[in-house]
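Notes follow the structure.
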Amino acid sequence: MDQLDRAILAELQRDGRLSATALAEKVGLTVAPCHRRIRELERSGVISGYQAVVDAKLVGLGFEALVFVTLKNRSEMKQFEAAVEEVDFIVEAQRLFGEPDFLLRVYAADLPSYQQLYDDVLVELPGVEKLTSTIVMRNIKDRALLPV
């Protein structure tokens, strides 16, 4: 990966809808070589996909919580991870070193909706021993770009 590839990645992180022509102009290439580089970045997995950034509040998901999860037994880790994949309101999940075992980012419409999700879904995930929720007051740096 050279500086041109990094420049392409930086521009696409800012605007994934850039046309190959506009992108080529921004990074100082002609269209054909720029298009080849994009395809190679996609083929190699450096670019794993494209998606729209949606404002959660404007689609009725104004409540966000970070949930720390401790499992009873690490032997249930794979089942827990598979179950988390099935819950649409869990939008991020990280497995952590040490305690707790996982960090989840969860969205809901409001506090009562979150309470219902907590009671009906989160506590029922396989192997859960302890859940600790922290309500997100405000996102300061959301969707940060990788420093390529």
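How things are named: the first chain in the structure tokens is A, the next is B, and so on; residues count from 1 in each chain; ligands count from 1 in the order shown.
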
Problem set entry | Residues near Ala10 of chain A, cut-off 10 Å, only C-alpha atoms, skip fewer than 4 positions along chain, as a PyMOL selection string | chain A and resi 4-6+14-16+27+145-148

Write to file, as a PDB file, in the first residue's frame, the residues of the selection just made, with N, CA, C and O atoms.
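Produced file selection-v9.pdb, reproduced below:
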ATOM      1  N   LEU A   4      -0.665   6.798  -2.587  1.00  0.00           N
ATOM      2  CA  LEU A   4      -1.873   6.988  -3.400  1.00  0.00           C
ATOM      3  C   LEU A   4      -3.022   6.137  -2.863  1.00  0.00           C
ATOM      4  O   LEU A   4      -4.162   6.606  -2.791  1.00  0.00           O
ATOM      5  N   ASP A   5      -2.731   4.888  -2.490  1.00  0.00           N
ATOM      6  CA  ASP A   5      -3.768   4.049  -1.895  1.00  0.00           C
ATOM      7  C   ASP A   5      -4.295   4.685  -0.610  1.00  0.00           C
ATOM      8  O   ASP A   5      -5.501   4.703  -0.352  1.00  0.00           O
ATOM      9  N   ARG A   6      -3.385   5.209   0.195  1.00  0.00           N
ATOM     10  CA  ARG A   6      -3.802   5.859   1.447  1.00  0.00           C
ATOM     11  C   ARG A   6      -4.645   7.108   1.175  1.00  0.00           C
ATOM     12  O   ARG A   6      -5.618   7.370   1.881  1.00  0.00           O
ATOM     13  N   ARG A  14     -14.183   9.826   3.862  1.00  0.00           N
ATOM     14  CA  ARG A  14     -14.918  11.088   3.981  1.00  0.00           C
ATOM     15  C   ARG A  14     -16.201  11.061   3.163  1.00  0.00           C
ATOM     16  O   ARG A  14     -17.221  11.594   3.572  1.00  0.00           O
ATOM     17  N   ASP A  15     -16.138  10.439   1.973  1.00  0.00           N
ATOM     18  CA  ASP A  15     -17.303  10.386   1.088  1.00  0.00           C
ATOM     19  C   ASP A  15     -17.233   9.128   0.242  1.00  0.00           C
ATOM     20  O   ASP A  15     -16.568   9.107  -0.804  1.00  0.00           O
ATOM     21  N   GLY A  16     -17.914   8.080   0.672  1.00  0.00           N
ATOM     22  CA  GLY A  16     -17.911   6.805  -0.031  1.00  0.00           C
ATOM     23  C   GLY A  16     -18.679   6.824  -1.337  1.00  0.00           C
ATOM     24  O   GLY A  16     -18.630   5.856  -2.092  1.00  0.00           O
ATOM     25  N   VAL A  27      -7.036  12.732  -5.908  1.00  0.00           N
ATOM     26  CA  VAL A  27      -5.771  12.097  -5.521  1.00  0.00           C
ATOM     27  C   VAL A  27      -4.683  12.227  -6.587  1.00  0.00           C
ATOM     28  O   VAL A  27      -3.573  11.747  -6.399  1.00  0.00           O
ATOM     29  N   LEU A 145     -12.695   8.701  11.473  1.00  0.00           N
ATOM     30  CA  LEU A 145     -12.008   8.150  10.316  1.00  0.00           C
ATOM     31  C   LEU A 145     -10.685   7.551  10.768  1.00  0.00           C
ATOM     32  O   LEU A 145     -10.005   8.096  11.622  1.00  0.00           O
ATOM     33  N   LEU A 146     -10.318   6.428  10.158  1.00  0.00           N
ATOM     34  CA  LEU A 146      -9.021   5.836  10.471  1.00  0.00           C
ATOM     35  C   LEU A 146      -7.917   6.735   9.935  1.00  0.00           C
ATOM     36  O   LEU A 146      -8.016   7.242   8.810  1.00  0.00           O
ATOM     37  N   PRO A 147      -6.856   6.929  10.687  1.00  0.00           N
ATOM     38  CA  PRO A 147      -5.769   7.802  10.228  1.00  0.00           C
ATOM     39  C   PRO A 147      -4.849   7.083   9.256  1.00  0.00           C
ATOM     40  O   PRO A 147      -3.751   6.680   9.590  1.00  0.00           O
ATOM     41  N   VAL A 148      -5.339   6.922   8.024  1.00  0.00           N
ATOM     42  CA  VAL A 148      -4.547   6.229   7.006  1.00  0.00           C
ATOM     43  C   VAL A 148      -3.541   7.178   6.409  1.00  0.00           C
ATOM     44  O   VAL A 148      -2.669   6.900   5.718  1.00  0.00           O
TER      45      VAL A 148
END

Problem set entry | Shell around Tyr107 of chain A at 8 Å using only C-alpha atoms, local window under 4 positions removed, as JSON, numbers by chain | {"A": [61, 62, 63, 64, 65, 89, 90, 91, 114]}

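Running DSSP on the backbone gives strand (DSSP E) for these residues within segment 48-114 of chain A: Phe63, Glu64, Ala65, Leu66, Val67, Phe68, Val69, Thr70, Leu71, Ile90, Val91, Glu92, Ala93, Gln94, Arg95, Phe102, Leu103, Leu104, Arg105, Val106, Tyr107 and Ala108 of chain A.
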
Export, as a short mmCIF file (atom, residue, chain, number, x, y, z; two decimals), in the first residue's frame, the selected residues with N, CA, C and O atoms.
data_model
loop_
_atom_site.label_atom_id
_atom_site.label_comp_id
_atom_site.auth_asym_id
_atom_site.auth_seq_id
_atom_site.Cartn_x
_atom_site.Cartn_y
_atom_site.Cartn_z
N PHE A 63 -32.25 6.88 22.03
CA PHE A 63 -31.66 6.43 23.28
C PHE A 63 -30.50 5.49 22.97
O PHE A 63 -30.65 4.54 22.22
N GLU A 64 -29.34 5.79 23.55
CA GLU A 64 -28.15 4.98 23.31
C GLU A 64 -27.52 4.61 24.65
O GLU A 64 -27.39 5.45 25.53
N ALA A 65 -27.15 3.35 24.78
CA ALA A 65 -26.50 2.89 26.01
C ALA A 65 -25.28 2.05 25.66
O ALA A 65 -25.25 1.36 24.64
N LEU A 66 -24.29 2.13 26.52
CA LEU A 66 -23.15 1.23 26.46
C LEU A 66 -23.39 0.20 27.56
O LEU A 66 -23.67 0.56 28.70
N VAL A 67 -23.29 -1.06 27.20
CA VAL A 67 -23.60 -2.13 28.14
C VAL A 67 -22.36 -3.01 28.31
O VAL A 67 -21.86 -3.58 27.34
N PHE A 68 -21.88 -3.08 29.54
CA PHE A 68 -20.76 -3.95 29.87
C PHE A 68 -21.32 -5.29 30.31
O PHE A 68 -22.22 -5.34 31.15
N VAL A 69 -20.79 -6.37 29.73
CA VAL A 69 -21.32 -7.70 29.98
C VAL A 69 -20.23 -8.59 30.57
O VAL A 69 -19.13 -8.68 30.02
N THR A 70 -20.56 -9.24 31.67
CA THR A 70 -19.69 -10.26 32.25
C THR A 70 -20.42 -11.59 32.13
O THR A 70 -21.60 -11.68 32.47
N LEU A 71 -19.73 -12.58 31.61
CA LEU A 71 -20.32 -13.91 31.46
C LEU A 71 -20.05 -14.76 32.69
O LEU A 71 -19.03 -14.60 33.36
N ILE A 90 -28.50 -4.07 18.99
CA ILE A 90 -27.08 -4.05 19.37
C ILE A 90 -26.33 -3.75 18.09
O ILE A 90 -26.27 -4.57 17.18
N VAL A 91 -25.77 -2.54 18.01
CA VAL A 91 -25.14 -2.12 16.75
C VAL A 91 -23.62 -2.29 16.75
O VAL A 91 -22.99 -2.25 15.70
N GLU A 92 -23.03 -2.47 17.93
CA GLU A 92 -21.60 -2.75 18.04
C GLU A 92 -21.39 -3.69 19.21
O GLU A 92 -22.11 -3.61 20.21
N ALA A 93 -20.40 -4.55 19.08
CA ALA A 93 -20.05 -5.44 20.18
C ALA A 93 -18.56 -5.71 20.12
O ALA A 93 -18.03 -6.07 19.07
N GLN A 94 -17.90 -5.50 21.23
CA GLN A 94 -16.46 -5.77 21.32
C GLN A 94 -16.21 -6.77 22.44
O GLN A 94 -16.77 -6.63 23.52
N ARG A 95 -15.37 -7.75 22.14
CA ARG A 95 -14.90 -8.66 23.18
C ARG A 95 -13.67 -8.02 23.80
O ARG A 95 -12.78 -7.56 23.09
N PHE A 102 -17.41 -8.16 27.57
CA PHE A 102 -17.89 -7.53 26.33
C PHE A 102 -18.37 -6.11 26.60
O PHE A 102 -18.80 -5.78 27.70
N LEU A 103 -18.32 -5.31 25.54
CA LEU A 103 -18.92 -3.99 25.53
C LEU A 103 -19.88 -3.94 24.35
O LEU A 103 -19.48 -4.24 23.21
N LEU A 104 -21.13 -3.59 24.62
CA LEU A 104 -22.15 -3.50 23.58
C LEU A 104 -22.62 -2.06 23.45
O LEU A 104 -22.77 -1.36 24.45
N ARG A 105 -22.87 -1.63 22.23
CA ARG A 105 -23.54 -0.34 21.98
C ARG A 105 -24.95 -0.68 21.54
O ARG A 105 -25.14 -1.40 20.56
N VAL A 106 -25.92 -0.17 22.31
CA VAL A 106 -27.31 -0.54 22.11
C VAL A 106 -28.14 0.72 21.87
O VAL A 106 -27.98 1.71 22.57
N TYR A 107 -29.03 0.65 20.89
CA TYR A 107 -29.95 1.76 20.61
C TYR A 107 -31.38 1.33 20.90
O TYR A 107 -31.74 0.16 20.72
N ALA A 108 -32.19 2.28 21.31
CA ALA A 108 -33.63 2.08 21.52
C ALA A 108 -34.33 3.41 21.29
O ALA A 108 -33.68 4.45 21.17
#

Exercise. Quick one: residues within 10 Å of Val46 of chain A, only C-alpha atoms counted, chain neighbours fewer than 4 positions away excluded, as a ChimeraX atom specification?
Worked result: /A:1,9,38,40-42

What would the file look like if the residues just selected were written as a compact mmCIF listing (two decimals), in the first residue's frame with N, CA and C atoms?
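In the end it all went to result08.txt:
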# COMPACT_ATOMS: atom_id res chain seq x y z
N MET A 1 0.85 -1.17 0.00
CA MET A 1 0.00 0.00 0.00
C MET A 1 0.90 1.24 0.00
N LEU A 9 -8.08 5.90 0.24
CA LEU A 9 -8.82 5.48 1.44
C LEU A 9 -9.30 6.67 2.25
N ILE A 38 -8.91 1.10 -6.58
CA ILE A 38 -10.11 0.90 -5.75
C ILE A 38 -10.49 -0.57 -5.76
N GLU A 40 -8.64 -3.15 -6.34
CA GLU A 40 -7.65 -3.95 -5.62
C GLU A 40 -7.81 -3.79 -4.11
N LEU A 41 -8.11 -2.58 -3.67
CA LEU A 41 -8.36 -2.35 -2.23
C LEU A 41 -9.60 -3.13 -1.78
N GLU A 42 -10.61 -3.20 -2.64
CA GLU A 42 -11.81 -3.98 -2.33
C GLU A 42 -11.49 -5.48 -2.35

Problem set entry | Pick from A:Asp119, A:Asp110, A:Asp142, A:Glu76 nearest to Lys57 of chain A, counting only C-alpha atoms | A:Asp110

For this session: Between atom CA of Met77 of chain A and atom CA of Val128 of chain A, measure the distance and give it in Å to one decimal.
Result: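 Atom CA of Val128 of chain A lies 9.6 Å from atom CA of Met77 of chain A.
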
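Counting only C-alpha atoms and comparing A:Arg74, A:Leu23, A:Glu85, A:Tyr50, the residue that lies closest to Gly98 of chain A is A:Arg74.
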
Exercise. So which bits of chain A end up helix (DSSP H, G or I) when you DSSP the backbone, as a ChimeraX atom specification?
Worked result: /A:3-14,20-27,31-43,57-59,74-85,111-120,122-124

Exercise. Skipping near chain neighbours, those fewer than 6 positions away, what residues fall within 10 Å of Ala24 of chain A using only C-alpha atoms, listed as a ChimeraX atom specification?
Worked result: /A:4,8,18,30-35

Exercise. Contacts of Arg17 of chain A at 12 Å or less, counting only C-alpha atoms, minus same-chain residues fewer than 2 places along, as a PyMOL selection string?
Worked result: chain A and resi 11-15+19-23+49-53

For this session: Tell me which of A:Ala144, A:Pro126, A:Val87, A:Asn139 sits closest to Asp55 of chain A, counting only C-alpha atoms.
Result: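 For Asp55 of chain A, the nearest of the given residues is A:Asn139.
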